[in-house]
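A.B. asks: This is the structure, below, for whatever I ask next.
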Amino acid sequence: MTNILILGGTTEASALATAVAQRGMRAVLSYAGRTEHPRAQPVPWRIGGFGGVEGLVHHLRQERVTHLVDATHPFAATMSRHAAQAARIAGINHIMLTRPPWEAGPGDRWTHVPDIPAAVAALDGEPRRVMLALGRMHVDAFADQPQHDYLMRFVDAPDIAPSLPNHRLVVDRGPFTLAGDLALMRQHRVELVIAKNAGGTGARAKLDAARALGIAVLMIDRPPLPDAQTTHSVTDVIDWLDHSAQRGV
Ligand code: 3Y8
Ligand code: NAP
């Protein structure tokens, strides 16, 4: 009996949950619990960490999970590493559903940096109006560059105000639209956008808006992901589920 655990938190994870629900397959979608009101799903969902690799192995065995689909965000590198390790230890089927990295096109003014610290270092120099579209978890790193005027976007209102002296905060959850991000960037006279190379469609709008407005982008490249079976397509995951279920594994 196929029993799927989807590690979620992305547009693709939600699309997969819809596809498996439509086929009447047994699945649970898992959130870390980073946001106050995560999107409801058409399959049962759970919220909270597992307690490292050991905790995840225990969960997989206790819940008799047969297929682990890691559909987390490309920057959720710890979760992805744990998922690959735990699936191997528990001896269950495992696949990663990711999205291709964004690539600069005509008119894009991108500078690639390898990680968050490099993005912070790249902000040395004169004050600028910077859109920090990285969410809440990495904002404190930018305290080393207090001279800029930051526009930040969080999913939830923070309990305590961010420590950056000159900042404005927008509370909004994606997926975002080109019209919305054009208006936001014009309103705040954004001069530079800092983004993670998340890929996918939900966070793309700010890049299309930056291109239209001729604004430079500091693009943070993805952390390395485990060497595991990977696909970019929900349909491929469904085929993988059907195929391995037929093989009775
Ligand atoms: C809790 C689940 C869906 C999934 C929607 C996608 C698209 C909209 C765009 C910007 C960039 C950012 C951030 C972003 C996007 C989708 C997707 C995506 C980026 C929710 C969600 C959870 C999270 C966690 C949250 C992080 C933050 C990152 C905001 C739900 C809405 C910046 C990533 O406040 C916090 O602590 C937020 C933390 C991790 C990164 C960070 O470092 O702050 N996502 N985002 C998941 C969990 O608990 O397991 O609440 O419904 C999901 C989505 N956010 O089904 O509709 O697929 O990527 N999420 C980035 O890409 O840079 C916003 O503002 O332009
Ligand atoms: P992370 O740093 O890779 O993971 C840190 C710990 O959070 C994990 O070890 C695990 O705790 C717990 N965790 C992460 N994802 C989980 C999930 N889906 N279900 C249950 N526990 C989870 O992860 P992150 O970058 O904080 O991302 C957390 C969530 O936000 C993920 O669902 C991810 O898809 C979503 N998200 C993240 C980003 C981003 O920019 N990082 C963007 C959009 C969405 P234990 O060790 O206790 O098991």
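Here's how to read the names in the structure tokens: chain A, B, ... by the order shown, residue numbers from 1 in each chain, ligand numbers from 1 in the order shown.
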Neighbouring residues of Thr98 of chain A were defined as those with any atom within 7 Å, considering only C-alpha atoms; residues of the same chain fewer than 6 positions away were excluded. Please report them as a ChimeraX atom specification.
C.D. replies: /A:71,74,231-232
A.B. asks: Go ahead and save the picked residues with N, CA, C and O atoms, as a PDB file, in the first residue's frame.
C.D. replies:
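Output (out_36.pdb):
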```
ATOM      1  N   ALA A  71      10.060  17.800  -1.648  1.00  0.00           N
ATOM      2  CA  ALA A  71       9.656  18.902  -2.546  1.00  0.00           C
ATOM      3  C   ALA A  71       9.902  20.236  -1.858  1.00  0.00           C
ATOM      4  O   ALA A  71       9.194  21.216  -2.087  1.00  0.00           O
ATOM      5  N   PRO A  74      14.827  24.909  -2.737  1.00  0.00           N
ATOM      6  CA  PRO A  74      16.240  24.601  -2.988  1.00  0.00           C
ATOM      7  C   PRO A  74      17.177  25.085  -1.887  1.00  0.00           C
ATOM      8  O   PRO A  74      18.276  24.578  -1.731  1.00  0.00           O
ATOM      9  N   THR A 231      13.776  15.227 -10.042  1.00  0.00           N
ATOM     10  CA  THR A 231      12.993  15.607 -11.223  1.00  0.00           C
ATOM     11  C   THR A 231      12.462  17.021 -11.024  1.00  0.00           C
ATOM     12  O   THR A 231      12.400  17.511  -9.892  1.00  0.00           O
ATOM     13  N   HIS A 232      12.115  17.647 -12.161  1.00  0.00           N
ATOM     14  CA  HIS A 232      11.513  18.982 -12.094  1.00  0.00           C
ATOM     15  C   HIS A 232      10.001  18.901 -12.343  1.00  0.00           C
ATOM     16  O   HIS A 232       9.332  19.939 -12.389  1.00  0.00           O
TER      17      HIS A 232
END
```
A.B. asks: Which of segment 79-181 of chain A counts as alpha helix (DSSP H) under DSSP, as number ranges by chain please?
C.D. replies: A: 79-90, 116-121, 178-181
A.B. asks: Taking only C-alpha atoms into account, name the residue in A:Ala195, A:Ala32, A:Ala122, A:Ala183 that is nearest to Ala212 of chain A.
C.D. replies: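 Among the listed residues, the smallest separation from Ala212 of chain A belongs to A:Ala183.
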A.B. asks: Determine, for each residue of chain A having at least one atom at most 6 Å from an atom of ligand 1, the closest pair of atoms and their separation in Å to one decimal, counting only C-alpha atoms and all ligand atoms; order by chain and ascending number, as JSON lines.
C.D. replies:
```
{"residue": "A:Gly8", "atom": "CA", "partner": "ligand 1", "partner_atom_place_in_ligand_line": "49 (O)", "distance": 5.9}
{"residue": "A:Gly9", "atom": "CA", "partner": "ligand 1", "partner_atom_place_in_ligand_line": "46 (C)", "distance": 4.0}
{"residue": "A:Thr10", "atom": "CA", "partner": "ligand 1", "partner_atom_place_in_ligand_line": "57 (O)", "distance": 3.4}
{"residue": "A:Thr11", "atom": "CA", "partner": "ligand 1", "partner_atom_place_in_ligand_line": "57 (O)", "distance": 3.8}
{"residue": "A:Ser14", "atom": "CA", "partner": "ligand 1", "partner_atom_place_in_ligand_line": "55 (O)", "distance": 4.7}
{"residue": "A:Tyr31", "atom": "CA", "partner": "ligand 1", "partner_atom_place_in_ligand_line": "49 (O)", "distance": 3.3}
{"residue": "A:Ala32", "atom": "CA", "partner": "ligand 1", "partner_atom_place_in_ligand_line": "49 (O)", "distance": 3.6}
{"residue": "A:Gly33", "atom": "CA", "partner": "ligand 1", "partner_atom_place_in_ligand_line": "48 (O)", "distance": 3.6}
{"residue": "A:Arg34", "atom": "CA", "partner": "ligand 1", "partner_atom_place_in_ligand_line": "48 (O)", "distance": 3.8}
{"residue": "A:Thr35", "atom": "CA", "partner": "ligand 1", "partner_atom_place_in_ligand_line": "1 (C)", "distance": 4.8}
{"residue": "A:His37", "atom": "CA", "partner": "ligand 1", "partner_atom_place_in_ligand_line": "50 (O)", "distance": 5.6}
{"residue": "A:Pro38", "atom": "CA", "partner": "ligand 1", "partner_atom_place_in_ligand_line": "50 (O)", "distance": 3.3}
{"residue": "A:Arg39", "atom": "CA", "partner": "ligand 1", "partner_atom_place_in_ligand_line": "51 (O)", "distance": 3.7}
{"residue": "A:Ala133", "atom": "CA", "partner": "ligand 1", "partner_atom_place_in_ligand_line": "64 (O)", "distance": 4.3}
{"residue": "A:Leu134", "atom": "CA", "partner": "ligand 1", "partner_atom_place_in_ligand_line": "32 (C)", "distance": 3.8}
{"residue": "A:Gly135", "atom": "CA", "partner": "ligand 1", "partner_atom_place_in_ligand_line": "43 (O)", "distance": 3.2}
{"residue": "A:Arg136", "atom": "CA", "partner": "ligand 1", "partner_atom_place_in_ligand_line": "43 (O)", "distance": 3.8}
{"residue": "A:Met137", "atom": "CA", "partner": "ligand 1", "partner_atom_place_in_ligand_line": "42 (O)", "distance": 3.9}
{"residue": "A:His138", "atom": "CA", "partner": "ligand 1", "partner_atom_place_in_ligand_line": "42 (O)", "distance": 5.5}
{"residue": "A:Arg153", "atom": "CA", "partner": "ligand 1", "partner_atom_place_in_ligand_line": "64 (O)", "distance": 5.1}
{"residue": "A:Phe154", "atom": "CA", "partner": "ligand 1", "partner_atom_place_in_ligand_line": "34 (O)", "distance": 5.3}
{"residue": "A:Val155", "atom": "CA", "partner": "ligand 1", "partner_atom_place_in_ligand_line": "34 (O)", "distance": 4.9}
{"residue": "A:Asp156", "atom": "CA", "partner": "ligand 1", "partner_atom_place_in_ligand_line": "34 (O)", "distance": 5.5}
{"residue": "A:Arg173", "atom": "CA", "partner": "ligand 1", "partner_atom_place_in_ligand_line": "31 (C)", "distance": 5.5}
{"residue": "A:Gly174", "atom": "CA", "partner": "ligand 1", "partner_atom_place_in_ligand_line": "8 (C)", "distance": 3.6}
{"residue": "A:Pro175", "atom": "CA", "partner": "ligand 1", "partner_atom_place_in_ligand_line": "8 (C)", "distance": 4.2}
{"residue": "A:Ala195", "atom": "CA", "partner": "ligand 1", "partner_atom_place_in_ligand_line": "62 (O)", "distance": 5.9}
{"residue": "A:Lys196", "atom": "CA", "partner": "ligand 1", "partner_atom_place_in_ligand_line": "62 (O)", "distance": 4.7}
{"residue": "A:Ala198", "atom": "CA", "partner": "ligand 1", "partner_atom_place_in_ligand_line": "61 (O)", "distance": 4.7}
{"residue": "A:Gly202", "atom": "CA", "partner": "ligand 1", "partner_atom_place_in_ligand_line": "7 (C)", "distance": 3.9}
{"residue": "A:Ala203", "atom": "CA", "partner": "ligand 1", "partner_atom_place_in_ligand_line": "9 (C)", "distance": 3.9}
```
A.B. asks: Could you please determine the separation between atom CA of Thr72 of chain A and atom 35 (C, counted along the ligand's line) of ligand 2 in Å, to one decimal place?
C.D. replies: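 About the pair atom CA of Thr72 of chain A and atom 35 (C, counted along the ligand's line) of ligand 2: they are 5.8 Å apart.
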A.B. asks: Looking at only C-alpha atoms and all ligand atoms, which of A:Ile47, A:Leu5, A:Ile220, A:Val20 is the one that sits closest to ligand 2?
C.D. replies: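 For ligand 2, the nearest of the candidates is A:Ile47.
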A.B. asks: For Arg186 of chain A, work out the shell of residues within 12 Å, counting only C-alpha atoms and skipping chain neighbours fewer than 3 positions away, then give it as a list of chain:residue names.
C.D. replies: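 The residues satisfying every condition are A:Arg129, A:Met131, A:Leu151, A:Leu178, A:Ala179, A:Gly180, A:Asp181, A:Leu182, A:Ala183, A:Arg189, A:Val190, A:Glu191, A:Leu192, A:Lys206, A:Ala209, A:Ala210, A:Ala212, A:Leu213, A:Gly214, A:Ile215.
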A.B. asks: So that I can see what lies close to Leu123 of chain A, please list as a list of chain:residue names the residues with an atom at most 9 Å from it, counting only C-alpha atoms and leaving out residues fewer than 5 positions away in the same chain.
C.D. replies: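 Those residues are A:Ala118, A:Arg128, A:Phe142, A:Gln145, A:His148.
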